[in-house]
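**Student:** What follows is work-v5.cif, made up of mmCIF, C-alpha atoms and all ligand atoms:
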```
data_start
loop_
_atom_site.group_PDB
_atom_site.id
_atom_site.type_symbol
_atom_site.label_atom_id
_atom_site.label_comp_id
_atom_site.auth_asym_id
_atom_site.auth_seq_id
_atom_site.Cartn_x
_atom_site.Cartn_y
_atom_site.Cartn_z
ATOM 1 C CA MET A 1 2.776 -0.153 -20.690
ATOM 2 C CA SER A 2 4.901 -0.269 -23.773
ATOM 3 C CA GLN A 3 8.328 -0.608 -22.156
ATOM 4 C CA SER A 4 10.079 -1.581 -18.974
ATOM 5 C CA LYS A 5 9.654 0.963 -16.182
ATOM 6 C CA ALA A 6 11.247 1.468 -12.776
ATOM 7 C CA ALA A 7 8.824 0.752 -9.958
ATOM 8 C CA VAL A 8 9.319 1.412 -6.258
ATOM 9 C CA ILE A 9 6.851 -0.265 -3.911
ATOM 10 C CA THR A 10 6.981 0.550 -0.209
ATOM 11 C CA GLY A 11 6.258 -2.304 2.186
ATOM 12 C CA SER A 12 6.821 -4.920 -0.488
ATOM 13 C CA THR A 13 8.477 -7.608 1.624
ATOM 14 C CA SER A 14 5.057 -9.018 2.485
ATOM 15 C CA GLY A 15 1.361 -9.178 1.635
ATOM 16 C CA ILE A 16 -0.206 -6.787 -0.877
ATOM 17 C CA GLY A 17 3.041 -4.917 -1.612
ATOM 18 C CA LEU A 18 4.792 -8.147 -2.506
ATOM 19 C CA GLY A 19 1.799 -9.170 -4.651
ATOM 20 C CA MET A 20 1.974 -5.888 -6.585
ATOM 21 C CA ALA A 21 5.770 -6.107 -6.959
ATOM 22 C CA ARG A 22 5.423 -9.616 -8.391
ATOM 23 C CA ALA A 23 2.643 -8.548 -10.780
ATOM 24 C CA LEU A 24 4.714 -5.613 -12.093
ATOM 25 C CA ALA A 25 7.859 -7.768 -12.377
ATOM 26 C CA ALA A 26 5.833 -10.301 -14.362
ATOM 27 C CA LYS A 27 5.129 -7.484 -16.866
ATOM 28 C CA GLY A 28 8.865 -6.855 -17.240
ATOM 29 C CA HIS A 29 9.295 -3.886 -14.908
ATOM 30 C CA ASN A 30 12.335 -3.373 -12.724
ATOM 31 C CA ILE A 31 11.552 -3.350 -9.030
ATOM 32 C CA MET A 32 12.813 -1.555 -5.929
ATOM 33 C CA LEU A 33 11.604 -3.556 -2.949
ATOM 34 C CA ASN A 34 11.249 -1.974 0.498
ATOM 35 C CA GLY A 35 10.048 -3.148 3.863
ATOM 36 C CA LEU A 36 11.025 -4.748 7.115
ATOM 37 C CA GLY A 37 12.043 -8.338 7.732
ATOM 38 C CA ASP A 38 14.863 -10.805 8.131
ATOM 39 C CA PRO A 39 17.772 -9.769 5.835
ATOM 40 C CA GLY A 40 18.378 -13.343 4.665
ATOM 41 C CA GLU A 41 14.727 -13.885 3.752
ATOM 42 C CA ILE A 42 14.538 -10.518 1.980
ATOM 43 C CA GLU A 43 17.647 -11.365 -0.062
ATOM 44 C CA GLN A 44 16.061 -14.692 -1.052
ATOM 45 C CA LEU A 45 12.904 -12.849 -2.069
ATOM 46 C CA ARG A 46 14.898 -10.312 -4.100
ATOM 47 C CA SER A 47 17.076 -12.803 -5.963
ATOM 48 C CA GLY A 48 14.169 -15.228 -6.432
ATOM 49 C CA MET A 49 12.011 -12.536 -8.029
ATOM 50 C CA ALA A 50 14.875 -11.371 -10.272
ATOM 51 C CA SER A 51 15.490 -14.872 -11.635
ATOM 52 C CA GLU A 52 11.790 -15.817 -11.867
ATOM 53 C CA PHE A 53 10.864 -12.759 -13.943
ATOM 54 C CA GLY A 54 14.210 -11.821 -15.549
ATOM 55 C CA VAL A 55 14.089 -8.217 -14.325
ATOM 56 C CA ALA A 56 16.372 -6.151 -12.074
ATOM 57 C CA VAL A 57 15.233 -6.260 -8.459
ATOM 58 C CA HIS A 58 16.865 -4.153 -5.746
ATOM 59 C CA TYR A 59 16.040 -3.664 -2.090
ATOM 60 C CA HIS A 60 16.232 -0.588 0.154
ATOM 61 C CA GLY A 61 15.396 -0.861 3.843
ATOM 62 C CA ALA A 62 14.049 2.685 4.397
ATOM 63 C CA ASP A 63 11.910 2.983 7.523
ATOM 64 C CA MET A 64 8.701 4.784 6.568
ATOM 65 C CA THR A 65 8.776 6.747 9.834
ATOM 66 C CA ARG A 66 12.082 8.390 8.728
ATOM 67 C CA PRO A 67 11.866 11.200 6.128
ATOM 68 C CA ASP A 68 15.639 11.080 5.521
ATOM 69 C CA GLU A 69 15.533 7.353 4.760
ATOM 70 C CA ILE A 70 12.482 7.802 2.496
ATOM 71 C CA ALA A 71 14.361 10.480 0.542
ATOM 72 C CA ASP A 72 17.249 8.044 0.150
ATOM 73 C CA LEU A 73 14.896 5.268 -1.055
ATOM 74 C CA ILE A 74 13.692 7.442 -3.939
ATOM 75 C CA ALA A 75 17.182 8.764 -4.710
ATOM 76 C CA GLU A 76 18.581 5.206 -4.739
ATOM 77 C CA THR A 77 15.781 4.083 -7.101
ATOM 78 C CA GLY A 78 16.708 6.947 -9.435
ATOM 79 C CA ARG A 79 20.403 6.036 -9.177
ATOM 80 C CA VAL A 80 20.068 2.327 -9.962
ATOM 81 C CA PHE A 81 17.355 2.538 -12.633
ATOM 82 C CA GLY A 82 17.898 6.045 -14.033
ATOM 83 C CA SER A 83 14.258 6.975 -13.345
ATOM 84 C CA VAL A 84 11.379 6.594 -10.904
ATOM 85 C CA ASP A 85 8.374 5.841 -13.108
ATOM 86 C CA ILE A 86 5.961 3.963 -10.867
ATOM 87 C CA LEU A 87 5.546 4.724 -7.170
ATOM 88 C CA ILE A 88 3.331 2.533 -5.038
ATOM 89 C CA ASN A 89 2.774 3.700 -1.471
ATOM 90 C CA ASN A 90 1.779 0.534 0.285
ATOM 91 C CA ALA A 91 3.600 0.214 3.631
ATOM 92 C CA GLY A 92 1.096 0.140 6.433
ATOM 93 C CA ILE A 93 0.398 -1.077 9.926
ATOM 94 C CA GLN A 94 -2.700 -1.445 12.075
ATOM 95 C CA TYR A 95 -3.521 -1.018 15.762
ATOM 96 C CA VAL A 96 -6.930 -1.704 17.235
ATOM 97 C CA ALA A 97 -8.118 -0.050 20.489
ATOM 98 C CA PRO A 98 -10.921 2.178 21.746
ATOM 99 C CA VAL A 99 -10.037 5.809 21.119
ATOM 100 C CA GLU A 100 -9.728 6.766 24.795
ATOM 101 C CA GLU A 101 -7.266 3.904 25.337
ATOM 102 C CA PHE A 102 -5.416 4.385 22.040
ATOM 103 C CA PRO A 103 -1.674 4.694 22.840
ATOM 104 C CA VAL A 104 -0.302 8.017 21.558
ATOM 105 C CA GLU A 105 2.831 6.338 20.195
ATOM 106 C CA GLN A 106 0.666 3.947 18.128
ATOM 107 C CA TRP A 107 -1.341 6.899 16.789
ATOM 108 C CA ASP A 108 1.885 8.705 15.787
ATOM 109 C CA ARG A 109 3.355 5.589 14.190
ATOM 110 C CA ILE A 110 0.272 4.802 12.102
ATOM 111 C CA ILE A 111 -0.084 8.397 10.903
ATOM 112 C CA ALA A 112 3.639 8.447 9.985
ATOM 113 C CA ILE A 113 3.780 5.099 8.168
ATOM 114 C CA ASN A 114 0.291 4.904 6.647
ATOM 115 C CA MET A 115 -0.105 8.547 5.653
ATOM 116 C CA THR A 116 2.838 10.943 6.004
ATOM 117 C CA SER A 117 5.287 8.582 4.266
ATOM 118 C CA ASN A 118 3.084 8.893 1.142
ATOM 119 C CA PHE A 119 3.709 12.632 1.124
ATOM 120 C CA HIS A 120 7.484 12.153 1.424
ATOM 121 C CA THR A 121 7.769 9.563 -1.374
ATOM 122 C CA ILE A 122 5.586 11.602 -3.736
ATOM 123 C CA HIS A 123 7.484 14.790 -2.868
ATOM 124 C CA HIS A 124 10.779 13.169 -3.907
ATOM 125 C CA ALA A 125 9.522 11.038 -6.834
ATOM 126 C CA LEU A 126 7.557 13.658 -8.789
ATOM 127 C CA PRO A 127 10.621 15.478 -10.206
ATOM 128 C CA TYR A 128 11.749 12.203 -11.852
ATOM 129 C CA MET A 129 8.276 11.619 -13.328
ATOM 130 C CA LYS A 130 8.013 15.200 -14.585
ATOM 131 C CA ARG A 131 11.420 14.902 -16.234
ATOM 132 C CA ALA A 132 10.362 11.668 -17.956
ATOM 133 C CA GLY A 133 6.947 13.066 -18.934
ATOM 134 C CA TRP A 134 5.287 9.927 -17.557
ATOM 135 C CA GLY A 135 4.417 8.614 -14.136
ATOM 136 C CA ARG A 136 2.064 6.468 -12.147
ATOM 137 C CA ILE A 137 1.407 6.870 -8.423
ATOM 138 C CA ILE A 138 -0.771 4.363 -6.604
ATOM 139 C CA ASN A 139 -1.592 4.814 -2.936
ATOM 140 C CA LEU A 140 -2.826 1.747 -1.089
ATOM 141 C CA ALA A 141 -5.672 3.187 0.897
ATOM 142 C CA SER A 142 -8.509 0.977 2.121
ATOM 143 C CA ALA A 143 -12.269 0.687 2.316
ATOM 144 C CA HIS A 144 -11.459 2.602 5.503
ATOM 145 C CA ALA A 145 -10.724 5.624 3.293
ATOM 146 C CA LEU A 146 -14.484 5.608 2.614
ATOM 147 C CA ARG A 147 -16.043 4.037 5.712
ATOM 148 C CA ALA A 148 -15.124 3.948 9.404
ATOM 149 C CA SER A 149 -15.029 1.067 11.858
ATOM 150 C CA PRO A 150 -14.824 1.366 15.630
ATOM 151 C CA PHE A 151 -11.449 0.936 17.365
ATOM 152 C CA LYS A 152 -9.400 1.965 14.299
ATOM 153 C CA ALA A 153 -9.138 5.725 14.868
ATOM 154 C CA ALA A 154 -5.584 6.183 13.579
ATOM 155 C CA TYR A 155 -5.949 3.817 10.621
ATOM 156 C CA VAL A 156 -9.250 5.317 9.423
ATOM 157 C CA THR A 157 -7.868 8.837 9.830
ATOM 158 C CA ALA A 158 -4.708 7.987 7.878
ATOM 159 C CA LYS A 159 -6.616 6.290 5.062
ATOM 160 C CA HIS A 160 -9.094 9.185 4.715
ATOM 161 C CA GLY A 161 -6.030 11.462 4.600
ATOM 162 C CA ILE A 162 -4.555 9.430 1.752
ATOM 163 C CA ALA A 163 -7.743 9.971 -0.248
ATOM 164 C CA GLY A 164 -7.252 13.729 0.070
ATOM 165 C CA LEU A 165 -3.572 13.536 -0.861
ATOM 166 C CA THR A 166 -4.392 11.355 -3.887
ATOM 167 C CA LYS A 167 -6.909 13.845 -5.287
ATOM 168 C CA THR A 168 -4.671 16.853 -4.627
ATOM 169 C CA VAL A 169 -1.599 15.339 -6.290
ATOM 170 C CA ALA A 170 -3.697 14.143 -9.255
ATOM 171 C CA LEU A 171 -4.886 17.695 -9.898
ATOM 172 C CA GLU A 172 -1.401 19.162 -9.595
ATOM 173 C CA VAL A 173 0.109 16.856 -12.249
ATOM 174 C CA ALA A 174 -2.930 16.148 -14.432
ATOM 175 C CA GLU A 175 -1.425 17.748 -17.548
ATOM 176 C CA GLN A 176 1.912 15.991 -17.253
ATOM 177 C CA ASN A 177 0.981 12.412 -18.098
ATOM 178 C CA ILE A 178 1.217 11.445 -14.436
ATOM 179 C CA THR A 179 -1.715 9.796 -12.696
ATOM 180 C CA CYS A 180 -2.307 9.399 -8.988
ATOM 181 C CA ASN A 181 -4.953 7.011 -7.699
ATOM 182 C CA ALA A 182 -5.882 5.189 -4.528
ATOM 183 C CA ILE A 183 -6.828 1.517 -4.377
ATOM 184 C CA CYS A 184 -9.243 0.797 -1.534
ATOM 185 C CA PRO A 185 -9.296 -2.893 -0.701
ATOM 186 C CA GLY A 186 -11.609 -4.546 1.751
ATOM 187 C CA TYR A 187 -10.196 -7.445 3.734
ATOM 188 C CA VAL A 188 -7.278 -9.043 1.918
ATOM 189 C CA TRP A 189 -5.750 -12.249 3.203
ATOM 190 C CA THR A 190 -2.283 -11.068 4.362
ATOM 191 C CA PRO A 191 -0.175 -11.193 7.557
ATOM 192 C CA LEU A 192 -1.649 -7.787 8.554
ATOM 193 C CA VAL A 193 -5.181 -9.226 8.573
ATOM 194 C CA GLU A 194 -4.121 -12.453 10.263
ATOM 195 C CA ASN A 195 -2.638 -10.406 13.152
ATOM 196 C CA GLN A 196 -5.694 -8.164 13.229
ATOM 197 C CA ILE A 197 -7.941 -11.160 13.756
ATOM 198 C CA VAL A 198 -6.049 -11.922 16.967
ATOM 199 C CA ASP A 199 -6.154 -8.248 18.151
ATOM 200 C CA THR A 200 -9.830 -7.762 17.300
ATOM 201 C CA ALA A 201 -10.770 -11.008 19.076
ATOM 202 C CA ARG A 202 -9.026 -9.717 22.206
ATOM 203 C CA THR A 203 -10.511 -6.180 22.002
ATOM 204 C CA ARG A 204 -14.071 -7.371 21.391
ATOM 205 C CA GLY A 205 -13.865 -10.443 23.617
ATOM 206 C CA ILE A 206 -14.962 -12.858 20.875
ATOM 207 C CA SER A 207 -13.356 -15.840 19.136
ATOM 208 C CA GLU A 208 -11.148 -15.558 16.047
ATOM 209 C CA GLU A 209 -13.745 -17.439 13.975
ATOM 210 C CA GLU A 210 -16.379 -14.892 15.099
ATOM 211 C CA VAL A 211 -14.077 -12.022 14.041
ATOM 212 C CA LYS A 212 -13.736 -13.518 10.542
ATOM 213 C CA ARG A 213 -17.440 -14.259 10.141
ATOM 214 C CA ASP A 214 -19.210 -11.548 12.165
ATOM 215 C CA VAL A 215 -16.802 -8.602 11.875
ATOM 216 C CA MET A 216 -14.712 -8.863 8.728
ATOM 217 C CA LEU A 217 -16.686 -10.780 6.135
ATOM 218 C CA LEU A 218 -19.922 -9.343 7.508
ATOM 219 C CA ALA A 219 -18.830 -6.056 5.922
ATOM 220 C CA GLN A 220 -17.983 -7.694 2.593
ATOM 221 C CA PRO A 221 -21.073 -8.785 0.624
ATOM 222 C CA THR A 222 -19.083 -11.279 -1.475
ATOM 223 C CA LYS A 223 -18.088 -13.035 1.798
ATOM 224 C CA GLN A 224 -14.613 -13.625 0.405
ATOM 225 C CA PHE A 225 -11.202 -12.336 1.400
ATOM 226 C CA ILE A 226 -9.557 -10.548 -1.552
ATOM 227 C CA ARG A 227 -6.350 -12.129 -2.891
ATOM 228 C CA VAL A 228 -3.118 -10.133 -3.279
ATOM 229 C CA GLU A 229 -2.898 -11.294 -6.911
ATOM 230 C CA GLU A 230 -6.154 -9.458 -7.688
ATOM 231 C CA ILE A 231 -4.702 -6.215 -6.338
ATOM 232 C CA GLY A 232 -1.500 -6.858 -8.295
ATOM 233 C CA GLU A 233 -3.476 -7.087 -11.547
ATOM 234 C CA PHE A 234 -5.413 -3.918 -10.648
ATOM 235 C CA ALA A 235 -2.120 -2.056 -10.122
ATOM 236 C CA VAL A 236 -0.793 -3.330 -13.460
ATOM 237 C CA PHE A 237 -3.905 -1.980 -15.175
ATOM 238 C CA LEU A 238 -3.574 1.434 -13.480
ATOM 239 C CA CYS A 239 0.003 1.570 -14.787
ATOM 240 C CA SER A 240 -1.096 0.840 -18.350
ATOM 241 C CA ASP A 241 -1.694 3.396 -21.090
ATOM 242 C CA ALA A 242 -5.359 2.340 -21.127
ATOM 243 C CA ALA A 243 -5.666 3.856 -17.634
ATOM 244 C CA LYS A 244 -4.119 7.226 -18.484
ATOM 245 C CA ASN A 245 -7.429 9.031 -17.937
ATOM 246 C CA ILE A 246 -8.061 7.454 -14.563
ATOM 247 C CA THR A 247 -6.650 9.910 -12.053
ATOM 248 C CA GLY A 248 -7.570 11.302 -8.665
ATOM 249 C CA ALA A 249 -9.805 8.270 -8.270
ATOM 250 C CA ILE A 250 -10.532 6.536 -4.998
ATOM 251 C CA LEU A 251 -11.074 3.035 -6.300
ATOM 252 C CA PRO A 252 -12.824 0.407 -4.179
ATOM 253 C CA MET A 253 -11.899 -3.271 -4.477
ATOM 254 C CA GLU A 254 -13.830 -4.460 -1.488
ATOM 255 C CA GLY A 255 -16.395 -7.054 -2.531
ATOM 256 C CA GLY A 256 -19.226 -4.504 -2.457
ATOM 257 C CA TRP A 257 -18.569 -3.216 1.085
ATOM 258 C CA THR A 258 -19.062 0.491 0.259
ATOM 259 C CA ALA A 259 -22.121 -0.170 -1.922
ATOM 260 C CA LYS A 260 -24.050 -0.519 1.330
HETATM 261 P P1 LIG B 1 1.577 -6.666 5.620
HETATM 262 O O1 LIG B 1 1.748 -6.559 7.102
HETATM 263 O O2 LIG B 1 1.504 -8.003 4.996
HETATM 264 O O3 LIG B 1 2.688 -5.834 4.878
HETATM 265 C C1 LIG B 1 3.052 -4.553 5.305
HETATM 266 C C2 LIG B 1 4.366 -4.161 4.683
HETATM 267 O O4 LIG B 1 4.727 -2.875 5.204
HETATM 268 C C3 LIG B 1 5.496 -5.127 5.049
HETATM 269 O O5 LIG B 1 6.363 -5.278 3.947
HETATM 270 C C4 LIG B 1 6.210 -4.400 6.165
HETATM 271 O O6 LIG B 1 7.574 -4.753 6.308
HETATM 272 C C5 LIG B 1 6.052 -2.966 5.708
HETATM 273 N N1 LIG B 1 6.276 -2.001 6.775
HETATM 274 C C6 LIG B 1 5.683 -1.938 7.990
HETATM 275 N N2 LIG B 1 6.210 -0.927 8.709
HETATM 276 C C7 LIG B 1 7.151 -0.357 7.935
HETATM 277 C C8 LIG B 1 8.054 0.722 8.106
HETATM 278 N N3 LIG B 1 8.119 1.422 9.255
HETATM 279 N N4 LIG B 1 8.879 1.036 7.090
HETATM 280 C C9 LIG B 1 8.865 0.334 5.930
HETATM 281 N N5 LIG B 1 8.039 -0.702 5.706
HETATM 282 C C10 LIG B 1 7.200 -1.038 6.694
HETATM 283 O O7 LIG B 1 0.253 -5.810 5.289
HETATM 284 P P2 LIG B 1 -0.740 -5.800 4.032
HETATM 285 O O8 LIG B 1 -2.025 -6.360 4.471
HETATM 286 O O9 LIG B 1 -0.070 -6.318 2.820
HETATM 287 O O10 LIG B 1 -0.995 -4.225 3.890
HETATM 288 C C11 LIG B 1 -0.384 -3.438 2.878
HETATM 289 C C12 LIG B 1 -1.169 -2.142 2.713
HETATM 290 O O11 LIG B 1 -2.502 -2.432 2.301
HETATM 291 C C13 LIG B 1 -1.297 -1.321 3.998
HETATM 292 O O12 LIG B 1 -1.184 0.050 3.706
HETATM 293 C C14 LIG B 1 -2.689 -1.654 4.482
HETATM 294 O O13 LIG B 1 -3.230 -0.629 5.271
HETATM 295 C C15 LIG B 1 -3.418 -1.787 3.152
HETATM 296 N N6 LIG B 1 -4.663 -2.564 3.244
HETATM 297 C C16 LIG B 1 -4.631 -3.865 3.657
HETATM 298 C C17 LIG B 1 -5.813 -4.574 3.740
HETATM 299 C C18 LIG B 1 -5.862 -6.003 4.154
HETATM 300 O O14 LIG B 1 -6.982 -6.506 4.354
HETATM 301 N N7 LIG B 1 -4.751 -6.703 4.281
HETATM 302 C C19 LIG B 1 -7.025 -3.944 3.411
HETATM 303 C C20 LIG B 1 -7.011 -2.625 2.995
HETATM 304 C C21 LIG B 1 -5.813 -1.938 2.922
#
```
Can the structure in the file be given as structure tokens, please?

**Tutor:**
Amino acid sequence: MSQSKAAVITGSTSGIGLGMARALAAKGHNIMLNGLGDPGEIEQLRSGMASEFGVAVHYHGADMTRPDEIADLIAETGRVFGSVDILINNAGIQYVAPVEEFPVEQWDRIIAINMTSNFHTIHHALPYMKRAGWGRIINLASAHALRASPFKAAYVTAKHGIAGLTKTVALEVAEQNITCNAICPGYVWTPLVENQIVDTARTRGISEEEVKRDVMLLAQPTKQFIRVEEIGEFAVFLCSDAAKNITGAILPMEGGWTAK
């Protein structure tokens, strides 16, 4: 990237989203943070990132289940930065249960946050990118966009849906210097995974150590959790000019999981 861009990252108050926001800020890009959390802690995060990297960092608390708030997130990004150049759809939640016991409200919430919110942000951000003649969209999918696991019906469905949205959007804007790709991590060490260890242990009736060893890292040939910094660097590369011909790609970063 030759100059400072405006980047909006959903779900960037924690985990992978925060890692990507930090990596982009470190490259000199202005950041719109989003996500849930304690207002005081979020303000500390925002001001800390601004002074650490010397870029403008704003925060918008849009709830990814609310189309009106998502529209306002993108509009506010355009207002404060004058453009919306980089959009990273990252906000996501998990719920683990057998399909016949899966609570309908958890299904609806996961589909809304993990999948439908990506449609709304893209819908509102594309006009800015088209006007600028440049844009980068990155959707945080998952190895579960390519493989299924039991007890994750809503999550796997949402992530497979994101793969379809990614390819469709990429084709629609391919001639306009806008790329749209999906990053598909395996298990990344974040609060989402830490909570999932507890839930999976309960659902399967095994210990938390057994979940880590026999469920999670069993799937990942490298036997390592991925670090958020690695995903941050991947996102930076996808935003670079060198990556302008990577589009519509469903890109694994999962320690070899889907090679099996
Ligand atoms: P996390 O729980 O650490 O962070 C999730 C972020 O989403 C937080 O900032 C949270 O506030 C935000 N969020 C949740 N609900 C929201 C809502 N209604 N509106 C706005 N923001 C909301 O999780 P993470 O592990 O960093 O996951 C980030 C993304 O990466 C998710 O889409 C997840 O599915 C995906 N992913 C994670 C892993 C992993 O192993 N951690 C693997 C593959 C894919």

**Student:** Could you check which of A:Leu126, A:Ile88, A:Phe151, A:Lys159 is closest to A:Ile110, using all atoms listed in the file?

**Tutor:** A:Lys159

**Student:** Quick one, how far is atom CA of A:Ile31 from atom CA of A:Pro252?

**Tutor:**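 It comes out at 25.1 Å.
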
**Student:** I need the residue nearest ligand LIG 1 (chain B) from this list: A:Lys167, A:Lys260, A:His58, A:His144. Use all atoms listed in the file for the distance.

**Tutor:** A:His144

**Student:** Pick out the residues no farther than 6 Å from ligand LIG 1 (chain B), counting only C-alpha atoms and all ligand atoms, and list them as an mmCIF file with C-alpha atoms, keeping the file's coordinate frame.

**Tutor:**
```cif
data_model
loop_
_atom_site.group_PDB
_atom_site.id
_atom_site.type_symbol
_atom_site.label_atom_id
_atom_site.label_comp_id
_atom_site.auth_asym_id
_atom_site.auth_seq_id
_atom_site.Cartn_x
_atom_site.Cartn_y
_atom_site.Cartn_z
ATOM 1 C CA GLY A 11 6.258 -2.304 2.186
ATOM 2 C CA SER A 12 6.821 -4.920 -0.488
ATOM 3 C CA THR A 13 8.477 -7.608 1.624
ATOM 4 C CA SER A 14 5.057 -9.018 2.485
ATOM 5 C CA GLY A 15 1.361 -9.178 1.635
ATOM 6 C CA ILE A 16 -0.206 -6.787 -0.877
ATOM 7 C CA GLY A 17 3.041 -4.917 -1.612
ATOM 8 C CA GLY A 35 10.048 -3.148 3.863
ATOM 9 C CA LEU A 36 11.025 -4.748 7.115
ATOM 10 C CA GLY A 37 12.043 -8.338 7.732
ATOM 11 C CA ALA A 62 14.049 2.685 4.397
ATOM 12 C CA ASP A 63 11.910 2.983 7.523
ATOM 13 C CA MET A 64 8.701 4.784 6.568
ATOM 14 C CA THR A 65 8.776 6.747 9.834
ATOM 15 C CA ASN A 90 1.779 0.534 0.285
ATOM 16 C CA ALA A 91 3.600 0.214 3.631
ATOM 17 C CA GLY A 92 1.096 0.140 6.433
ATOM 18 C CA ILE A 93 0.398 -1.077 9.926
ATOM 19 C CA ILE A 113 3.780 5.099 8.168
ATOM 20 C CA ASN A 114 0.291 4.904 6.647
ATOM 21 C CA LEU A 140 -2.826 1.747 -1.089
ATOM 22 C CA ALA A 141 -5.672 3.187 0.897
ATOM 23 C CA SER A 142 -8.509 0.977 2.121
ATOM 24 C CA PRO A 185 -9.296 -2.893 -0.701
ATOM 25 C CA GLY A 186 -11.609 -4.546 1.751
ATOM 26 C CA TYR A 187 -10.196 -7.445 3.734
ATOM 27 C CA VAL A 188 -7.278 -9.043 1.918
ATOM 28 C CA TRP A 189 -5.750 -12.249 3.203
ATOM 29 C CA THR A 190 -2.283 -11.068 4.362
ATOM 30 C CA PRO A 191 -0.175 -11.193 7.557
ATOM 31 C CA LEU A 192 -1.649 -7.787 8.554
ATOM 32 C CA VAL A 193 -5.181 -9.226 8.573
#
```

**Student:** Taking 6 positions as the minimum chain separation for residues in the same chain, which residues sit within 12 Å of A:Ile122 when counting all atoms listed in the file? Answer as an MDAnalysis selection string.

**Tutor:** chainID A and resid 8:10 67 70:71 73:75 84:89 115:116 128:130 135:139 162 165:166 168:170 172:173 178:180

**Student:** Which is closest to A:Thr200 among A:Met253, A:Ala50, A:Ala97, A:Val57, if we use all atoms listed in the file?

**Tutor:**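 Ranking A:Met253, A:Ala50, A:Ala97, A:Val57 by distance to A:Thr200, first place goes to A:Ala97.
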
**Student:** Name the residues in contact with A:Val215 at a cut-off of 10 Å, using only C-alpha atoms, excluding same-chain residues fewer than 4 positions from it; report them as a VMD selection string.

**Tutor:** chain A and resid 149 197 200 to 201 204 208 to 211 219 to 220
